[in-house]
Each structure stands twice: as structure tokens, then as C-alpha cells.
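Content type compact mmCIF, C-alpha atoms, from the file final-v2.txt:
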```txt
# COMPACT_ATOMS: atom_id res chain seq x y z
CA MET T 1 5.14 28.81 -0.30
CA SER T 2 8.54 30.15 -1.27
CA MET T 3 10.23 29.57 -4.60
CA THR T 4 13.20 27.19 -4.53
CA ALA T 5 16.69 28.10 -5.73
CA ALA T 6 16.32 25.65 -8.63
CA GLU T 7 13.05 27.31 -9.72
CA PHE T 8 14.63 30.76 -9.51
CA GLU T 9 17.62 29.65 -11.61
CA ALA T 10 15.40 27.97 -14.22
CA ARG T 11 13.42 31.18 -14.74
CA ASP T 12 16.45 33.45 -15.27
CA ARG T 13 17.60 32.48 -18.75
CA LEU T 14 20.18 35.27 -19.11
CA ALA T 15 21.92 34.23 -15.89
CA GLY T 16 22.10 30.67 -17.18
CA ARG T 17 23.56 31.76 -20.51
CA LEU T 18 26.22 33.80 -18.72
CA GLY T 19 27.13 30.89 -16.44
CA ILE T 20 25.83 32.53 -13.26
CA ARG T 21 25.11 30.06 -10.46
CA LEU T 22 22.99 30.71 -7.38
CA THR T 23 24.79 29.30 -4.33
CA ARG T 24 22.75 30.82 -1.50
CA PHE T 25 19.03 31.63 -1.62
CA GLU T 26 17.15 32.80 1.44
CA PRO T 27 14.94 35.78 2.25
CA GLY T 28 17.10 38.89 2.34
CA HIS T 29 20.35 37.10 1.47
CA ALA T 30 21.64 35.52 -1.73
CA VAL T 31 24.98 34.66 -3.31
CA THR T 32 25.71 34.23 -7.02
CA GLU T 33 28.98 33.30 -8.69
CA MET T 34 30.46 32.73 -12.10
CA ASP T 35 33.73 31.76 -13.70
CA ILE T 36 35.09 34.39 -16.07
CA ARG T 37 35.24 33.10 -19.65
CA PRO T 38 37.26 35.60 -21.72
CA GLU T 39 35.54 34.58 -24.97
CA HIS T 40 32.15 35.52 -23.49
CA HIS T 41 32.70 37.95 -20.63
CA HIS T 42 35.55 40.30 -21.58
CA ASN T 43 35.10 43.81 -22.91
CA GLY T 44 37.25 45.29 -25.68
CA MET T 45 40.04 46.02 -23.19
CA GLY T 46 40.38 42.40 -22.05
CA MET T 47 38.64 42.95 -18.70
CA LEU T 48 35.46 41.53 -17.25
CA HIS T 49 32.68 43.55 -18.90
CA GLY T 50 30.89 46.00 -16.60
CA GLY T 51 27.54 44.74 -17.87
CA VAL T 52 28.43 41.21 -16.77
CA ILE T 53 29.42 42.45 -13.30
CA PHE T 54 26.15 44.39 -13.13
CA THR T 55 24.16 41.31 -14.18
CA LEU T 56 25.88 39.09 -11.60
CA ALA T 57 25.01 41.64 -8.88
CA ASP T 58 21.48 42.14 -10.21
CA VAL T 59 20.76 38.39 -10.12
CA ALA T 60 21.93 38.23 -6.49
CA PHE T 61 19.73 41.25 -5.69
CA ALA T 62 16.71 39.65 -7.39
CA ALA T 63 17.28 36.34 -5.61
CA ALA T 64 17.52 37.97 -2.18
CA ALA T 65 14.38 40.02 -2.86
CA ASN T 66 12.35 37.09 -4.24
CA ALA T 67 13.32 34.31 -1.83
CA ALA T 68 10.45 35.27 0.49
CA GLU T 69 6.78 34.58 -0.09
CA TYR T 70 6.05 37.60 -2.28
CA ASN T 71 6.96 38.85 -5.71
CA ALA T 72 9.43 41.72 -5.85
CA VAL T 73 10.67 43.80 -8.76
CA GLY T 74 13.60 46.17 -8.86
CA VAL T 75 12.61 49.84 -9.02
CA SER T 76 16.06 51.40 -8.81
CA CYS T 77 19.69 50.38 -8.70
CA GLN T 78 23.14 51.87 -8.86
CA ILE T 79 26.60 50.34 -9.16
CA SER T 80 30.11 51.61 -8.47
CA TYR T 81 33.02 49.78 -10.10
CA LEU T 82 36.15 49.75 -7.94
CA ARG T 83 38.66 47.50 -9.71
CA ALA T 84 38.98 45.30 -12.78
CA ALA T 85 39.04 41.51 -13.06
CA ARG T 86 40.33 39.44 -15.97
CA ALA T 87 40.18 35.80 -14.89
CA GLY T 88 38.97 33.48 -12.17
CA ARG T 89 35.72 33.34 -10.27
CA VAL T 90 33.62 36.33 -9.20
CA VAL T 91 31.06 36.23 -6.40
CA ALA T 92 28.18 38.60 -5.62
CA THR T 93 26.71 38.65 -2.11
CA ALA T 94 23.37 40.43 -1.61
CA ARG T 95 21.93 41.40 1.75
CA VAL T 96 18.83 43.34 2.73
CA ARG T 97 19.77 46.58 4.47
CA GLY T 98 16.31 47.94 5.22
CA GLU T 99 12.69 47.01 4.72
CA SER T 100 9.23 48.48 4.88
CA ARG T 101 5.91 46.89 4.02
CA ARG T 102 6.39 47.41 0.27
CA LEU T 103 10.10 48.19 -0.25
CA GLY T 104 13.31 46.36 0.40
CA HIS T 105 16.71 48.03 0.14
CA TYR T 106 19.65 45.79 -0.73
CA GLU T 107 23.41 46.05 -0.99
CA VAL T 108 25.48 43.70 -3.13
CA GLU T 109 29.24 43.30 -2.96
CA VAL T 110 31.02 41.76 -5.95
CA ARG T 111 34.41 40.22 -5.16
CA ASP T 112 37.04 38.24 -7.03
CA GLU T 113 38.31 34.88 -5.79
CA GLN T 114 41.02 36.59 -3.72
CA GLY T 115 38.30 38.53 -1.88
CA GLU T 116 39.13 41.88 -3.51
CA LEU T 117 36.11 44.16 -3.82
CA LEU T 118 35.31 44.76 -7.52
CA ALA T 119 31.99 46.60 -7.28
CA VAL T 120 29.25 47.74 -4.91
CA PHE T 121 25.62 47.63 -6.08
CA GLN T 122 22.61 49.12 -4.29
CA GLY T 123 19.04 48.35 -5.25
CA ALA T 124 15.48 48.89 -4.12
CA ALA T 125 12.80 46.26 -4.73
CA TYR T 126 9.05 46.82 -4.68
CA ARG T 127 6.94 43.98 -3.29
CA THR T 128 4.13 43.59 -5.77
CA SER T 129 1.91 41.23 -3.77
CA ALA T 130 1.56 39.33 -0.51
CA GLY T 131 1.65 36.01 -2.37
CA ARG T 132 3.26 34.79 -5.54
CA ALA T 133 1.38 35.10 -8.81
CA ASP T 134 2.91 31.78 -9.91
CA GLN T 135 1.20 30.03 -6.96
CA ALA T 136 -2.31 31.05 -7.90
CA PRO T 137 -4.64 28.18 -8.84
CA ARG T 138 -4.86 27.61 -12.58
CA SER T 139 -8.05 26.80 -14.42
```
Can I see the file as C-alpha cells?
Amino acid sequence: MSMTAAEFEARDRLAGRLGIRLTRFEPGHAVTEMDIRPEHHHNGMGMLHGGVIFTLADVAFAAAANAAEYNAVGVSCQISYLRAARAGRVVATARVRGESRRLGHYEVEVRDEQGELLAVFQGAAYRTSAGRADQAPRS
């Protein structure tokens, strides 16, 4: 049985603290979004912090990789920052780009509310098991 979006969100405490919301959650495809709060999300130059952009993309990547009926963990990732954001909403859209039995390769686009591309993230996820560890019977 697959994890629900609500269960995924409840388990990711950092995403919750940053105000990241999961708006789409299905195998191989996920969307996360957040509203920029300058008092929490800006770097010293008054722009959305690169680490926050990375985290938004990483949560979308993790959601897309874990929406199926197996556990997956990131084994590599890379991000390219293309432009800055200061205010508004940012959205990360993750899609699987290739799969094998044990690996999934994902691309995440991070855009501002005008649709401008802010960053591109690529990640590989290793499928650790055929079923979820959290679904095993408990004694």
C-alpha cells in the first residue's frame, strides 16, 4: 500500500517548518510549493536562500520517488541556480526521467509564481526494498 500525501508531509518536519506544502503526490511526479517569508527564507543579500530552494526541490524529489510502493533514498543530486527570487510563491515540480529496477532518475524544476525558471535539480534515488518498512507488521 502506498503512503498518502498527508503521511509524507507529517514525516518531513523540516519541510513543515519551512512552510513547504505538497500539492501533488503520485509515483514519479510530485509538486511542492511555499510562500517566501523574508524573515525566514532570505539570505544575507535579501534573496531567497539557495538552501531553501534546494530543500523545496529535494522534498519534491523525495515525494516523487516515495509515492510508489517502495522506499527510496537519494544517492546523488545536483542543482543549478538560474535566477533569484525575493517574494511570492515558489513551486518545485519533480518528474521521473528514467528508471531501472533499483534506481530512479528525477528532474525538478523550481519556478516563481510568474513561471520563471529559478533552478534545475537532478537527483537519483535508490529503491531500498520492494515494500515499505513502515508497513511491516509490528509485534
Which polymer residues have any atom within 7 Å of an atom of stretch 59-67 of chain T, counting all atoms listed in the file, with same-chain residues fewer than 3 positions away left out, as a ChimeraX atom specification? /T:2-3,25-32,55-56,70-72,92-95,106,108,125
Could you please take those selected residues and save C-alpha atoms as a PDB file, keeping the file's coordinate frame?
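File written: out.pdb
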```pdb
ATOM      1  CA  SER T   2       8.540  30.150  -1.270  1.00  0.00           C
ATOM      2  CA  MET T   3      10.230  29.570  -4.600  1.00  0.00           C
ATOM      3  CA  PHE T  25      19.030  31.630  -1.620  1.00  0.00           C
ATOM      4  CA  GLU T  26      17.150  32.800   1.440  1.00  0.00           C
ATOM      5  CA  PRO T  27      14.940  35.780   2.250  1.00  0.00           C
ATOM      6  CA  GLY T  28      17.100  38.890   2.340  1.00  0.00           C
ATOM      7  CA  HIS T  29      20.350  37.100   1.470  1.00  0.00           C
ATOM      8  CA  ALA T  30      21.640  35.520  -1.730  1.00  0.00           C
ATOM      9  CA  VAL T  31      24.980  34.660  -3.310  1.00  0.00           C
ATOM     10  CA  THR T  32      25.710  34.230  -7.020  1.00  0.00           C
ATOM     11  CA  THR T  55      24.160  41.310 -14.180  1.00  0.00           C
ATOM     12  CA  LEU T  56      25.880  39.090 -11.600  1.00  0.00           C
ATOM     13  CA  TYR T  70       6.050  37.600  -2.280  1.00  0.00           C
ATOM     14  CA  ASN T  71       6.960  38.850  -5.710  1.00  0.00           C
ATOM     15  CA  ALA T  72       9.430  41.720  -5.850  1.00  0.00           C
ATOM     16  CA  ALA T  92      28.180  38.600  -5.620  1.00  0.00           C
ATOM     17  CA  THR T  93      26.710  38.650  -2.110  1.00  0.00           C
ATOM     18  CA  ALA T  94      23.370  40.430  -1.610  1.00  0.00           C
ATOM     19  CA  ARG T  95      21.930  41.400   1.750  1.00  0.00           C
ATOM     20  CA  TYR T 106      19.650  45.790  -0.730  1.00  0.00           C
ATOM     21  CA  VAL T 108      25.480  43.700  -3.130  1.00  0.00           C
ATOM     22  CA  ALA T 125      12.800  46.260  -4.730  1.00  0.00           C
TER      23      ALA T 125
END
```
Pick from T:Glu9, T:Gly44, T:Tyr126, T:Ser100: nearest to T:Thr23, with all atoms listed in the file counted?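 Result for the nearest residue to T:Thr23: T:Glu9.
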Atomic separation - atom CA of T:Arg97 relative to atom CA of T:Leu14, Å: 26.2 Å
Shell of 12 Å around T:His41, all atoms listed in the file, local chain residues under 5 positions omitted, as a ChimeraX atom specification: /T:17-20,34-36,46-56,85-90
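What separates atom CA of T:Cys77 from atom CA of T:Ala6 is a distance of 25.0 Å.
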For T:Glu116, work out the shell of residues within 12 Å, counting all atoms listed in the file and skipping chain neighbours fewer than 4 positions away, then give it as a list of chain:residue names.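 Result of the neighbour search: T:Tyr81, T:Leu82, T:Arg83, T:Ala84, T:Ala85, T:Arg89, T:Val90, T:Val91, T:Ala92, T:Glu109, T:Val110, T:Arg111, T:Asp112, T:Val120.
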Any chance you can output those residues with C-alpha atoms as a compact mmCIF listing (two decimals), in the frame of the given file?
```
# COMPACT_ATOMS: atom_id res chain seq x y z
CA TYR T 81 33.02 49.78 -10.10
CA LEU T 82 36.15 49.75 -7.94
CA ARG T 83 38.66 47.50 -9.71
CA ALA T 84 38.98 45.30 -12.78
CA ALA T 85 39.04 41.51 -13.06
CA ARG T 89 35.72 33.34 -10.27
CA VAL T 90 33.62 36.33 -9.20
CA VAL T 91 31.06 36.23 -6.40
CA ALA T 92 28.18 38.60 -5.62
CA GLU T 109 29.24 43.30 -2.96
CA VAL T 110 31.02 41.76 -5.95
CA ARG T 111 34.41 40.22 -5.16
CA ASP T 112 37.04 38.24 -7.03
CA VAL T 120 29.25 47.74 -4.91
```
Could you check how far atom CA of T:Ile79 sits from atom CA of T:Ala10, in Å to one decimal?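 A separation of 25.5 Å between them.
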Here is a test: counting all atoms listed in the file, which residue of T:Ala57, T:Glu99, T:Gly104, T:Gln114 is nearest to T:Arg21?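 Nearest to T:Arg21: T:Ala57.
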Pick out the closest residue to T:His105 from this set: T:Leu118, T:Val73, T:Ala124, T:Ala5. Count only C-alpha atoms. T:Ala124
Edge lengths and centre in Å to one decimal, as AutoDock Vina command-line options, is what I'm after for the box along x, y and z that holds all listed atoms of stretch 86-103 of chain T once 3 Å is added on each side.
```
--center_x 23.1 --center_y 40.9 --center_z -5.4 --size_x 40.4 --size_y 21.1 --size_z 27.2
```
Would you mind telling me which residue in T:Arg11, T:Ser80, T:Glu33, T:Asn43 lies nearest to T:Ala119 when using all atoms listed in the file?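 Of the candidates, the smallest distance to T:Ala119 is held by T:Ser80.
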